[in-house]
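J.: Mind looking over this structure? Questions follow.
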Amino acid sequence: MTYRGFKAGADWRITVRGIMQTPNSFRGGPDPRGHFGIYGGRYVAETLMPLVLSVEAAYGAAKDDPDFHAQLAYYLEHYVGRPSPLYFAERLTRHFGGAKIYFKRDELNHTGAHKINNVMGQILLARRMGKRRIIAETGAGQHGVATATACALFDLPCVVYMGATDIERQKPNVFRMKLLGAEVVPVHSGTATLKDAMNDALRDWVAHVDDTFYVIGTVAGPHPYPAMVRDFQSIIGRETREQMIKAEGRLPDTLVACIGGGSNAMGLFHPFLDEPSVAMIGVEAGGHGIDTGFHAASLNGGQPGVLHGNRTYLLQDEDGQIDDAHSISAGLDYPGIGPEHAWLHDLGRVQYVAITDREALDAFQLCSRQEGIIPALEPAHALAHVGKIAPDLPRDHLLVMNLCGRGDKDIFAVADHLGVQL
Amino acid sequence: MSRPGPTRIERRFARLREEGRAGLVVYLIAGDPDPDTSLALFQGLAEAGADLVEIGMPFSDPMADGPAIQAAGQRALKRGMNLRRTLAMVRRLRERDADTPYVVMGYYNPIYRYGVEAFARDAVAAGIDGAIVVDLPPEEDEELAEPARRAGLDIVRLATPTSDEARLPAIVGRASGFLYYVAITGITGTRSADSASIDDAVARLRRFSQLPIAVGFGIRTPAQAASVAKAADAAVVGSALVERLALNLDPEGHAKPGLVDAVLADIRALAAGVRTARLI
């Protein structure tokens with residue numbers, strides 16, 4: 001890797017790689033064909049192309065329709081519970097003894113994570129398109145629960161594909177989805193995790209092109225999904241901006257978010273990408289450590305490739321076969337990453353680091369005790385990195401971490417890792 | 001460098017036209033269930049009646065394939081098959097058979113990792129005539145199609161039941177070799193289309209393109225192959241043969257002694273079906 005790191009709070013412009021042209025705006029992508037630089041695109045079977053093009057057209061129309069936005073805003077406020085608070089984490093700030101730490105509390109959303117922001121948008125779009133059947137993939141189960149929830153609300157049949165391995169380690173979410181009326185289909189192919197669930201969701205979609213809408217849970221997949229999911233999640237960053245100006249009278253200095261596919265991070269980062277004073281750090285799942293080969297850090301340990309409809313960084317071998325990802329967190333256990341992140345990585349606009357399972361587990365416990373908030377294992381990765389940088393930052397440095405999910409779903413897995421019998 | 005004269009694919013379809021019949025295209029995965037057995041199978045295909053051969057390039061995440069071909073790819077990968085070895089296998093096949101068109105079929109990532117220029121060049125040098133890349137629609141395929149054109153490798157494009165009249169011009173525009181009509185909306189080896197819808201689709205495609213049309217997905221029996229062969233220029237059979245292969249594996253996944261003969265016997269029956277299609 002030729003990555004040149006930079007210190008949080010430093011001017012990112014000096015880190016942009018010499019060979020790359022710095023664009024006028026980091027918020028202009030993708031191009032009309034769905035590319036962020038060389039990343040993104042529409043790498044799907046021909047059977048799906050007309051469908052993918054129709055989603056793009058429908059989303060384009062919805063984006064320009066005030067009624068669509070009004071409808072979405074209504075459900076986000078009254079059903080999801082937005083805006084989520086921007087909370088000053090006073091005890092953790094004191095504990096680390098440096099930067100002033102704020103949590104964006106997206107774990108307080110209905111269903112307990114940021115995933116619902118995007119699902120509400122896509123379900124409303126599916127209704128506009130007259131689709132009568134919803135499918136989704138899920139890793140940790142948060143996106144599956146969010147999708148099952150919205151489908152219950154709008155009385156749509158819902159099929160969620162979930163790796164058999166993930167079903168085992170996320171039993172509470174599997175039961176939630178069933179309570180909500182969704183059918184959860186265990187996926188046994190491949191490694192039986194998120195990537196295989198996405199394969200089977202795509203296989204389902206190819207076989208049900210007429211009536212089915214595929215609600216993708218992250219900023220990946222064929223265009224327009226990466227841009228569309230980003231747009232729906234950008235409410236996180238827009239609220240943060242407003243709330244921080246209200247609280248501190250200025251923009252934050254550093255944003256930190258965990259990354260599996262990267263939707264919560266993109267949602268937080270995107271509204272700030274053209275603010276030169278704001279540094280951004282995406283935290284990948286380092287598993288047992290990048291050097292061990294057992295991790296889920298596509299940018300820190302992968303190579304560009306094509307999978308699931310887009311070109312992006314992937315964990316893969318020399319032959320282009322996709323490698324298994326490894327993470328304690330089912331929600332980060334994916335061998336790819338959204339194409340816009342790949343592009344921002346190459347440009348150096350966002351810094352991407354990795355945190356190990358062990359570090360995340362420690363942060364999980366620290367957050368529970370210091371703030372009375374049991375975080376999901378996913379944002380526990382982000383917090384672990386905050387713990388590494390915050391002590392060295394000045395006390396007036398404003399750091400926002402996206403607390404994108406709550407940890408109820410993880411307590412069994414964490415107990416297991418800590419050797420506790422429940 | 002463009003090749004002078006007609007390509008192997010053109011010559012083969014011309015001969016089929018002279019014979020007044022449609023062709024049989026056989027699909028198997030390279031390296032399934034192991035490299036040696038796979039080589040023996042591919043070496044027997046032409047004699048058993050395959051007019052064109054599709055060589056599946058194993059991939060870890062075959063999104064358009066059903067359980068049979070997913071399992072076949074996993075078997076091949078487990079036995080060390082990869083793109084380089086697939087090309088090496090074709091070189092050996094070509095030593096014995098100068099005429100049968102070989103078309104590789106698979107997913108883009110292994111080709112992308114190999115390098116599109118190198119792939120096009122090495123594929124042609126190995127004796128490969130065309131490539132079908134399932135997850136590379138016309139919107140994205142130029143980065144492979146351009147070096148392929150220079151190397152003399154046909155990029156075979158896919159048309160599907162969702163390819164309406166608005167979509168077809170984009171598909172046939174830069175297609176070469178032949179058109180592959182995917183007869184169902186779905187993955188390989190799952191269900192079959194009725195013959196009337198296939199006839200309609202082939203007729204529609206012929207209004208847009210002069211290229212020969214091969215029809216695949218859901219063709220399992222000699223009777224189905226014969227039915228398709230009445231309208232199309234070739235019928236593709238894959239999953240049914242891969243399933244036959246899998247039935248001849250022992251519990252550890254190793255080839256049982258009669259595997260090659262069992263698969264080739266099915267191909268003979270399919271070839272006979274295709275050959276009778278236009279006589280009845």
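Numbering starts fresh at 1 for the residues of each chain in the structure tokens, the chains themselves are lettered A, B, ... in the order given, and ligands are numbered from 1 as they appear.
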Give the residues of chain A that lie within 8 Å of chain B; count only C-alpha atoms, and format the answer as a PDB file with all heavy atoms, in the first residue's frame.

T.:
ATOM      1  N   GLY A  41     -20.029   1.770 -11.141  1.00  0.00           N
ATOM      2  CA  GLY A  41     -20.481   1.145 -12.373  1.00  0.00           C
ATOM      3  C   GLY A  41     -21.695   0.248 -12.177  1.00  0.00           C
ATOM      4  O   GLY A  41     -22.375   0.306 -11.151  1.00  0.00           O
ATOM      5  N   ARG A  42     -21.962  -0.559 -13.216  1.00  0.00           N
ATOM      6  CA  ARG A  42     -23.143  -1.431 -13.202  1.00  0.00           C
ATOM      7  C   ARG A  42     -22.752  -2.796 -13.735  1.00  0.00           C
ATOM      8  O   ARG A  42     -23.025  -3.127 -14.878  1.00  0.00           O
ATOM      9  CB  ARG A  42     -24.244  -0.838 -14.094  1.00  0.00           C
ATOM     10  CG  ARG A  42     -24.907   0.381 -13.502  1.00  0.00           C
ATOM     11  CD  ARG A  42     -25.909   0.980 -14.462  1.00  0.00           C
ATOM     12  NE  ARG A  42     -25.228   1.675 -15.549  1.00  0.00           N
ATOM     13  CZ  ARG A  42     -25.664   2.819 -16.076  1.00  0.00           C
ATOM     14  NH1 ARG A  42     -26.762   3.362 -15.656  1.00  0.00           N
ATOM     15  NH2 ARG A  42     -24.997   3.390 -17.059  1.00  0.00           N
ATOM     16  N   TYR A  43     -22.096  -3.581 -12.910  1.00  0.00           N
ATOM     17  CA  TYR A  43     -21.622  -4.890 -13.347  1.00  0.00           C
ATOM     18  C   TYR A  43     -22.619  -5.964 -12.919  1.00  0.00           C
ATOM     19  O   TYR A  43     -22.414  -6.653 -11.930  1.00  0.00           O
ATOM     20  CB  TYR A  43     -20.238  -5.166 -12.762  1.00  0.00           C
ATOM     21  CG  TYR A  43     -19.181  -4.197 -13.254  1.00  0.00           C
ATOM     22  CD1 TYR A  43     -18.961  -2.982 -12.619  1.00  0.00           C
ATOM     23  CD2 TYR A  43     -18.411  -4.496 -14.378  1.00  0.00           C
ATOM     24  CE1 TYR A  43     -18.014  -2.093 -13.077  1.00  0.00           C
ATOM     25  CE2 TYR A  43     -17.449  -3.622 -14.840  1.00  0.00           C
ATOM     26  CZ  TYR A  43     -17.257  -2.415 -14.187  1.00  0.00           C
ATOM     27  OH  TYR A  43     -16.305  -1.541 -14.651  1.00  0.00           O
ATOM     28  N   VAL A  44     -23.725  -6.017 -13.663  1.00  0.00           N
ATOM     29  CA  VAL A  44     -24.747  -7.019 -13.346  1.00  0.00           C
ATOM     30  C   VAL A  44     -25.102  -7.809 -14.597  1.00  0.00           C
ATOM     31  O   VAL A  44     -24.816  -7.387 -15.722  1.00  0.00           O
ATOM     32  CB  VAL A  44     -26.037  -6.368 -12.784  1.00  0.00           C
ATOM     33  CG1 VAL A  44     -25.770  -5.712 -11.441  1.00  0.00           C
ATOM     34  CG2 VAL A  44     -26.628  -5.374 -13.769  1.00  0.00           C
ATOM     35  N   ALA A  45     -25.744  -8.949 -14.373  1.00  0.00           N
ATOM     36  CA  ALA A  45     -26.206  -9.772 -15.489  1.00  0.00           C
ATOM     37  C   ALA A  45     -27.182  -8.968 -16.337  1.00  0.00           C
ATOM     38  O   ALA A  45     -27.929  -8.131 -15.837  1.00  0.00           O
ATOM     39  CB  ALA A  45     -26.885 -11.033 -14.951  1.00  0.00           C
ATOM     40  N   GLU A  46     -27.165  -9.239 -17.627  1.00  0.00           N
ATOM     41  CA  GLU A  46     -28.004  -8.499 -18.557  1.00  0.00           C
ATOM     42  C   GLU A  46     -29.477  -8.539 -18.155  1.00  0.00           C
ATOM     43  O   GLU A  46     -30.201  -7.551 -18.324  1.00  0.00           O
ATOM     44  CB  GLU A  46     -27.811  -9.061 -19.972  1.00  0.00           C
ATOM     45  CG  GLU A  46     -28.670  -8.430 -21.041  1.00  0.00           C
ATOM     46  CD  GLU A  46     -28.502  -6.915 -21.138  1.00  0.00           C
ATOM     47  OE1 GLU A  46     -27.389  -6.412 -20.950  1.00  0.00           O
ATOM     48  OE2 GLU A  46     -29.524  -6.225 -21.393  1.00  0.00           O
ATOM     49  N   THR A  47     -29.926  -9.663 -17.601  1.00  0.00           N
ATOM     50  CA  THR A  47     -31.327  -9.775 -17.172  1.00  0.00           C
ATOM     51  C   THR A  47     -31.705  -8.623 -16.245  1.00  0.00           C
ATOM     52  O   THR A  47     -32.838  -8.142 -16.264  1.00  0.00           O
ATOM     53  CB  THR A  47     -31.557 -11.108 -16.435  1.00  0.00           C
ATOM     54  OG1 THR A  47     -30.977 -12.156 -17.213  1.00  0.00           O
ATOM     55  CG2 THR A  47     -33.029 -11.381 -16.224  1.00  0.00           C
ATOM     56  N   LEU A  48     -30.759  -8.189 -15.419  1.00  0.00           N
ATOM     57  CA  LEU A  48     -31.046  -7.157 -14.424  1.00  0.00           C
ATOM     58  C   LEU A  48     -30.881  -5.739 -14.955  1.00  0.00           C
ATOM     59  O   LEU A  48     -31.352  -4.784 -14.334  1.00  0.00           O
ATOM     60  CB  LEU A  48     -30.143  -7.334 -13.197  1.00  0.00           C
ATOM     61  CG  LEU A  48     -30.443  -8.527 -12.302  1.00  0.00           C
ATOM     62  CD1 LEU A  48     -29.430  -8.598 -11.163  1.00  0.00           C
ATOM     63  CD2 LEU A  48     -31.855  -8.437 -11.732  1.00  0.00           C
ATOM     64  N   MET A  49     -30.208  -5.593 -16.094  1.00  0.00           N
ATOM     65  CA  MET A  49     -29.889  -4.228 -16.555  1.00  0.00           C
ATOM     66  C   MET A  49     -31.118  -3.340 -16.731  1.00  0.00           C
ATOM     67  O   MET A  49     -31.138  -2.213 -16.233  1.00  0.00           O
ATOM     68  CB  MET A  49     -29.044  -4.267 -17.835  1.00  0.00           C
ATOM     69  CG  MET A  49     -27.551  -4.322 -17.606  1.00  0.00           C
ATOM     70  SD  MET A  49     -26.897  -3.069 -16.470  1.00  0.00           S
ATOM     71  CE  MET A  49     -27.113  -1.558 -17.425  1.00  0.00           C
ATOM     72  N   PRO A  50     -32.174  -3.839 -17.429  1.00  0.00           N
ATOM     73  CA  PRO A  50     -33.342  -2.956 -17.575  1.00  0.00           C
ATOM     74  C   PRO A  50     -33.926  -2.550 -16.225  1.00  0.00           C
ATOM     75  O   PRO A  50     -34.392  -1.418 -16.040  1.00  0.00           O
ATOM     76  CB  PRO A  50     -34.339  -3.820 -18.366  1.00  0.00           C
ATOM     77  CG  PRO A  50     -33.483  -4.813 -19.094  1.00  0.00           C
ATOM     78  CD  PRO A  50     -32.335  -5.109 -18.150  1.00  0.00           C
ATOM     79  N   GLY A 190     -20.950 -20.731  -0.264  1.00  0.00           N
ATOM     80  CA  GLY A 190     -19.724 -19.987   0.030  1.00  0.00           C
ATOM     81  C   GLY A 190     -19.361 -20.050   1.497  1.00  0.00           C
ATOM     82  O   GLY A 190     -19.299 -21.114   2.094  1.00  0.00           O
ATOM     83  N   ASP A 196     -22.371 -13.888   0.596  1.00  0.00           N
ATOM     84  CA  ASP A 196     -23.152 -14.978   0.021  1.00  0.00           C
ATOM     85  C   ASP A 196     -24.637 -14.645   0.070  1.00  0.00           C
ATOM     86  O   ASP A 196     -25.401 -15.004  -0.826  1.00  0.00           O
ATOM     87  CB  ASP A 196     -22.850 -16.266   0.779  1.00  0.00           C
ATOM     88  CG  ASP A 196     -21.354 -16.501   0.856  1.00  0.00           C
ATOM     89  OD1 ASP A 196     -20.761 -16.784  -0.189  1.00  0.00           O
ATOM     90  OD2 ASP A 196     -20.771 -16.343   1.945  1.00  0.00           O
ATOM     91  N   ASN A 199     -25.177 -12.532  -2.877  1.00  0.00           N
ATOM     92  CA  ASN A 199     -25.262 -13.370  -4.079  1.00  0.00           C
ATOM     93  C   ASN A 199     -26.665 -13.936  -4.234  1.00  0.00           C
ATOM     94  O   ASN A 199     -27.250 -13.903  -5.317  1.00  0.00           O
ATOM     95  CB  ASN A 199     -24.273 -14.539  -4.002  1.00  0.00           C
ATOM     96  CG  ASN A 199     -22.833 -14.100  -4.152  1.00  0.00           C
ATOM     97  OD1 ASN A 199     -22.554 -13.040  -4.700  1.00  0.00           O
ATOM     98  ND2 ASN A 199     -21.913 -14.908  -3.665  1.00  0.00           N
ATOM     99  N   ASP A 200     -27.203 -14.483  -3.144  1.00  0.00           N
ATOM    100  CA  ASP A 200     -28.512 -15.115  -3.249  1.00  0.00           C
ATOM    101  C   ASP A 200     -29.634 -14.101  -3.434  1.00  0.00           C
ATOM    102  O   ASP A 200     -30.630 -14.393  -4.105  1.00  0.00           O
ATOM    103  CB  ASP A 200     -28.778 -16.006  -2.020  1.00  0.00           C
ATOM    104  CG  ASP A 200     -28.314 -17.442  -2.278  1.00  0.00           C
ATOM    105  OD1 ASP A 200     -27.535 -17.638  -3.237  1.00  0.00           O
ATOM    106  OD2 ASP A 200     -28.730 -18.356  -1.544  1.00  0.00           O
ATOM    107  N   LEU A 202     -29.269 -11.389  -5.163  1.00  0.00           N
ATOM    108  CA  LEU A 202     -29.193 -11.070  -6.598  1.00  0.00           C
ATOM    109  C   LEU A 202     -29.803 -12.196  -7.434  1.00  0.00           C
ATOM    110  O   LEU A 202     -30.467 -11.949  -8.437  1.00  0.00           O
ATOM    111  CB  LEU A 202     -27.732 -10.833  -7.011  1.00  0.00           C
ATOM    112  CG  LEU A 202     -27.143  -9.494  -6.563  1.00  0.00           C
ATOM    113  CD1 LEU A 202     -25.616  -9.499  -6.683  1.00  0.00           C
ATOM    114  CD2 LEU A 202     -27.706  -8.341  -7.401  1.00  0.00           C
ATOM    115  N   ARG A 203     -29.594 -13.445  -7.013  1.00  0.00           N
ATOM    116  CA  ARG A 203     -30.179 -14.583  -7.738  1.00  0.00           C
ATOM    117  C   ARG A 203     -31.699 -14.534  -7.657  1.00  0.00           C
ATOM    118  O   ARG A 203     -32.397 -14.851  -8.621  1.00  0.00           O
ATOM    119  CB  ARG A 203     -29.643 -15.895  -7.160  1.00  0.00           C
ATOM    120  CG  ARG A 203     -28.176 -16.136  -7.489  1.00  0.00           C
ATOM    121  CD  ARG A 203     -27.629 -17.410  -6.834  1.00  0.00           C
ATOM    122  NE  ARG A 203     -26.198 -17.531  -7.091  1.00  0.00           N
ATOM    123  CZ  ARG A 203     -25.275 -17.714  -6.148  1.00  0.00           C
ATOM    124  NH1 ARG A 203     -25.613 -17.849  -4.881  1.00  0.00           N
ATOM    125  NH2 ARG A 203     -23.994 -17.783  -6.477  1.00  0.00           N
ATOM    126  N   ASP A 204     -32.209 -14.165  -6.489  1.00  0.00           N
ATOM    127  CA  ASP A 204     -33.658 -14.021  -6.325  1.00  0.00           C
ATOM    128  C   ASP A 204     -34.180 -12.933  -7.261  1.00  0.00           C
ATOM    129  O   ASP A 204     -35.181 -13.111  -7.957  1.00  0.00           O
ATOM    130  CB  ASP A 204     -33.970 -13.665  -4.858  1.00  0.00           C
ATOM    131  CG  ASP A 204     -35.465 -13.450  -4.621  1.00  0.00           C
ATOM    132  OD1 ASP A 204     -36.090 -12.666  -5.373  1.00  0.00           O
ATOM    133  OD2 ASP A 204     -36.013 -14.051  -3.668  1.00  0.00           O
ATOM    134  N   VAL A 206     -32.974 -11.749 -10.054  1.00  0.00           N
ATOM    135  CA  VAL A 206     -32.954 -12.157 -11.463  1.00  0.00           C
ATOM    136  C   VAL A 206     -34.177 -13.018 -11.779  1.00  0.00           C
ATOM    137  O   VAL A 206     -34.704 -12.990 -12.885  1.00  0.00           O
ATOM    138  CB  VAL A 206     -31.657 -12.946 -11.775  1.00  0.00           C
ATOM    139  CG1 VAL A 206     -31.731 -13.590 -13.138  1.00  0.00           C
ATOM    140  CG2 VAL A 206     -30.456 -12.039 -11.720  1.00  0.00           C
ATOM    141  N   ALA A 207     -34.629 -13.777 -10.781  1.00  0.00           N
ATOM    142  CA  ALA A 207     -35.746 -14.692 -11.010  1.00  0.00           C
ATOM    143  C   ALA A 207     -37.105 -14.030 -10.773  1.00  0.00           C
ATOM    144  O   ALA A 207     -38.134 -14.632 -11.055  1.00  0.00           O
ATOM    145  CB  ALA A 207     -35.599 -15.922 -10.112  1.00  0.00           C
ATOM    146  N   HIS A 208     -37.123 -12.808 -10.241  1.00  0.00           N
ATOM    147  CA  HIS A 208     -38.396 -12.120  -9.959  1.00  0.00           C
ATOM    148  C   HIS A 208     -38.332 -10.673 -10.422  1.00  0.00           C
ATOM    149  O   HIS A 208     -38.631  -9.756  -9.654  1.00  0.00           O
ATOM    150  CB  HIS A 208     -38.710 -12.160  -8.453  1.00  0.00           C
ATOM    151  CG  HIS A 208     -38.847 -13.534  -7.889  1.00  0.00           C
ATOM    152  ND1 HIS A 208     -37.793 -14.225  -7.347  1.00  0.00           N
ATOM    153  CD2 HIS A 208     -39.913 -14.367  -7.816  1.00  0.00           C
ATOM    154  CE1 HIS A 208     -38.205 -15.419  -6.945  1.00  0.00           C
ATOM    155  NE2 HIS A 208     -39.481 -15.540  -7.224  1.00  0.00           N
ATOM    156  N   VAL A 209     -37.966 -10.482 -11.658  1.00  0.00           N
ATOM    157  CA  VAL A 209     -37.725  -9.116 -12.131  1.00  0.00           C
ATOM    158  C   VAL A 209     -38.994  -8.283 -12.219  1.00  0.00           C
ATOM    159  O   VAL A 209     -38.944  -7.059 -12.135  1.00  0.00           O
ATOM    160  CB  VAL A 209     -37.022  -9.108 -13.506  1.00  0.00           C
ATOM    161  CG1 VAL A 209     -35.576  -9.534 -13.361  1.00  0.00           C
ATOM    162  CG2 VAL A 209     -37.749 -10.000 -14.496  1.00  0.00           C
ATOM    163  N   GLY A 305     -11.278  -4.610  -7.668  1.00  0.00           N
ATOM    164  CA  GLY A 305     -11.882  -5.717  -8.393  1.00  0.00           C
ATOM    165  C   GLY A 305     -13.351  -5.442  -8.635  1.00  0.00           C
ATOM    166  O   GLY A 305     -13.830  -4.333  -8.365  1.00  0.00           O
ATOM    167  N   VAL A 306     -14.057  -6.430  -9.147  1.00  0.00           N
ATOM    168  CA  VAL A 306     -15.465  -6.261  -9.500  1.00  0.00           C
ATOM    169  C   VAL A 306     -16.297  -7.352  -8.827  1.00  0.00           C
ATOM    170  O   VAL A 306     -16.030  -8.542  -9.016  1.00  0.00           O
ATOM    171  CB  VAL A 306     -15.669  -6.323 -11.032  1.00  0.00           C
ATOM    172  CG1 VAL A 306     -17.156  -6.333 -11.367  1.00  0.00           C
ATOM    173  CG2 VAL A 306     -14.972  -5.146 -11.701  1.00  0.00           C
ATOM    174  N   LEU A 307     -17.260  -6.942  -8.038  1.00  0.00           N
ATOM    175  CA  LEU A 307     -18.154  -7.885  -7.365  1.00  0.00           C
ATOM    176  C   LEU A 307     -19.458  -7.171  -7.020  1.00  0.00           C
ATOM    177  O   LEU A 307     -19.451  -5.983  -6.705  1.00  0.00           O
ATOM    178  CB  LEU A 307     -17.499  -8.411  -6.071  1.00  0.00           C
ATOM    179  CG  LEU A 307     -18.321  -9.425  -5.262  1.00  0.00           C
ATOM    180  CD1 LEU A 307     -18.358 -10.771  -5.972  1.00  0.00           C
ATOM    181  CD2 LEU A 307     -17.749  -9.602  -3.856  1.00  0.00           C
ATOM    182  N   HIS A 308     -20.567  -7.923  -7.078  1.00  0.00           N
ATOM    183  CA  HIS A 308     -21.853  -7.411  -6.633  1.00  0.00           C
ATOM    184  C   HIS A 308     -22.226  -6.099  -7.310  1.00  0.00           C
ATOM    185  O   HIS A 308     -22.743  -5.178  -6.679  1.00  0.00           O
ATOM    186  CB  HIS A 308     -21.870  -7.236  -5.102  1.00  0.00           C
ATOM    187  CG  HIS A 308     -21.815  -8.552  -4.370  1.00  0.00           C
ATOM    188  ND1 HIS A 308     -21.350  -8.681  -3.092  1.00  0.00           N
ATOM    189  CD2 HIS A 308     -22.162  -9.803  -4.770  1.00  0.00           C
ATOM    190  CE1 HIS A 308     -21.413  -9.959  -2.720  1.00  0.00           C
ATOM    191  NE2 HIS A 308     -21.892 -10.653  -3.727  1.00  0.00           N
ATOM    192  N   GLY A 309     -21.917  -6.006  -8.584  1.00  0.00           N
ATOM    193  CA  GLY A 309     -22.407  -4.878  -9.354  1.00  0.00           C
ATOM    194  C   GLY A 309     -21.522  -3.661  -9.415  1.00  0.00           C
ATOM    195  O   GLY A 309     -21.834  -2.708 -10.118  1.00  0.00           O
ATOM    196  N   GLU A 318      -4.822 -13.848  -5.905  1.00  0.00           N
ATOM    197  CA  GLU A 318      -4.193 -13.426  -7.166  1.00  0.00           C
ATOM    198  C   GLU A 318      -5.036 -13.755  -8.380  1.00  0.00           C
ATOM    199  O   GLU A 318      -4.925 -13.132  -9.430  1.00  0.00           O
ATOM    200  CB  GLU A 318      -2.840 -14.135  -7.320  1.00  0.00           C
ATOM    201  CG  GLU A 318      -1.723 -13.450  -6.609  1.00  0.00           C
ATOM    202  CD  GLU A 318      -0.411 -14.193  -6.811  1.00  0.00           C
ATOM    203  OE1 GLU A 318      -0.302 -14.963  -7.785  1.00  0.00           O
ATOM    204  OE2 GLU A 318       0.483 -14.012  -5.976  1.00  0.00           O
ATOM    205  N   ASP A 319      -5.881 -14.796  -8.259  1.00  0.00           N
ATOM    206  CA  ASP A 319      -6.715 -15.235  -9.368  1.00  0.00           C
ATOM    207  C   ASP A 319      -8.031 -14.462  -9.420  1.00  0.00           C
ATOM    208  O   ASP A 319      -8.874 -14.737 -10.275  1.00  0.00           O
ATOM    209  CB  ASP A 319      -6.981 -16.742  -9.215  1.00  0.00           C
ATOM    210  CG  ASP A 319      -7.678 -17.334 -10.446  1.00  0.00           C
ATOM    211  OD1 ASP A 319      -7.307 -16.968 -11.572  1.00  0.00           O
ATOM    212  OD2 ASP A 319      -8.611 -18.146 -10.266  1.00  0.00           O
ATOM    213  N   GLY A 320      -8.228 -13.519  -8.490  1.00  0.00           N
ATOM    214  CA  GLY A 320      -9.481 -12.782  -8.493  1.00  0.00           C
ATOM    215  C   GLY A 320     -10.622 -13.527  -7.821  1.00  0.00           C
ATOM    216  O   GLY A 320     -11.785 -13.147  -7.977  1.00  0.00           O
ATOM    217  N   GLN A 321     -10.306 -14.597  -7.092  1.00  0.00           N
ATOM    218  CA  GLN A 321     -11.340 -15.265  -6.294  1.00  0.00           C
ATOM    219  C   GLN A 321     -11.498 -14.476  -4.993  1.00  0.00           C
ATOM    220  O   GLN A 321     -10.503 -14.054  -4.399  1.00  0.00           O
ATOM    221  CB  GLN A 321     -10.941 -16.717  -5.986  1.00  0.00           C
ATOM    222  CG  GLN A 321     -10.560 -17.526  -7.217  1.00  0.00           C
ATOM    223  CD  GLN A 321     -11.703 -17.701  -8.214  1.00  0.00           C
ATOM    224  OE1 GLN A 321     -12.871 -17.645  -7.853  1.00  0.00           O
ATOM    225  NE2 GLN A 321     -11.350 -17.906  -9.483  1.00  0.00           N
ATOM    226  N   ILE A 322     -12.755 -14.292  -4.569  1.00  0.00           N
ATOM    227  CA  ILE A 322     -13.018 -13.458  -3.405  1.00  0.00           C
ATOM    228  C   ILE A 322     -12.636 -14.222  -2.135  1.00  0.00           C
ATOM    229  O   ILE A 322     -13.012 -15.378  -1.945  1.00  0.00           O
ATOM    230  CB  ILE A 322     -14.507 -13.046  -3.351  1.00  0.00           C
ATOM    231  CG1 ILE A 322     -14.918 -12.392  -4.682  1.00  0.00           C
ATOM    232  CG2 ILE A 322     -14.757 -12.103  -2.183  1.00  0.00           C
ATOM    233  CD1 ILE A 322     -14.062 -11.232  -5.146  1.00  0.00           C
TER     234      ILE A 322
END

J.: From a DSSP pass on the backbone, collect the residues of segment 29-272 of chain B flagged as alpha helix (DSSP H) and hand them back as a VMD selection string.

T.: chain B and resid 35 to 48 67 to 78 83 to 96 108 to 114 116 to 126 142 to 151 168 to 172 195 to 208 222 to 231 239 to 247 259 to 272

J.: Ranking A:Cys158, A:Pro224, A:Leu108, A:Cys151 by minimum distance to Asp31 of chain A and counting only C-alpha atoms, which one comes first?

T.: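 Closest candidate: A:Pro224.
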
J.: Within 9 Å of Val184 of chain A, counting only C-alpha atoms, which residues qualify if same-chain residues fewer than 4 places away don't, as a ChimeraX atom specification?

T.: /A:144,158-162,174,177-178

J.: Near segment 116-128 of chain B, within 7 Å and counting only C-alpha atoms, which residues show up once chain neighbours fewer than 2 positions away are dropped, as a ChimeraX atom specification?

T.: /B:87,90-91,94,102-103,111-112,114,130,144,147-148,151-153

J.: So how many Å separate atom CA of Val172 of chain B and atom CA of Ala98 of chain B, to one decimal?

T.: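 For atom CA of Val172 of chain B relative to atom CA of Ala98 of chain B, the distance reads 28.3 Å.
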
J.: Could you give me, as a ChimeraX atom specification, the residues within 9 Å of segment 30-45 of chain B, counting only C-alpha atoms and dropping anything in the same chain fewer than 3 positions from it?

T.: /B:26,48-53,55-58,72-82,85-86,89-90,92-93,96-97,242,245-246,249,253-255,259-261,263-264,267

J.: Within 7 Å of segment 118-130 of chain A, counting only C-alpha atoms, which residues qualify if same-chain residues fewer than 2 places away don't, as a list of chain:residue names?

T.: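 Once the adjacent positions are removed, what remains is A:Ala58, A:Tyr59, A:Leu72, A:Lys115, A:Ile116, A:Arg132, A:Ala146, A:Thr147, A:Ala150, A:Phe213, A:Val215, A:Val229, A:Phe232, A:Gln233.
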
J.: As number ranges by chain, please: every residue in segment 60-212 of chain B that DSSP puts in strand (DSSP E or B).

T.: B: 102-106, 130-133, 154-155, 157-159, 179-182

J.: What's the 9 Å shell around segment 378-383 of chain A, counting only C-alpha atoms, without same-chain residues fewer than 5 positions away, as a ChimeraX atom specification?

T.: /A:256-260,281-286,328-332,354-357,359-365,367,388,401-407

J.: Out of A:Lys195, A:His326, A:Arg311, A:Arg33, which residue has the shortest atom-to-atom distance to Ala342 of chain A when counting only C-alpha atoms?

T.: A:Arg311

J.: Rounded to one decimal, what separation in Å do you get between atom CA of Tyr27 of chain B and atom CA of Val236 of chain B?

T.: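 Here the two named atoms are 7.1 Å from each other.
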
J.: I'd like the interatomic distance between atom CA of Gln303 of chain A and atom CA of Asp333 of chain A, to a tenth of an Å.

T.: 16.6 Å
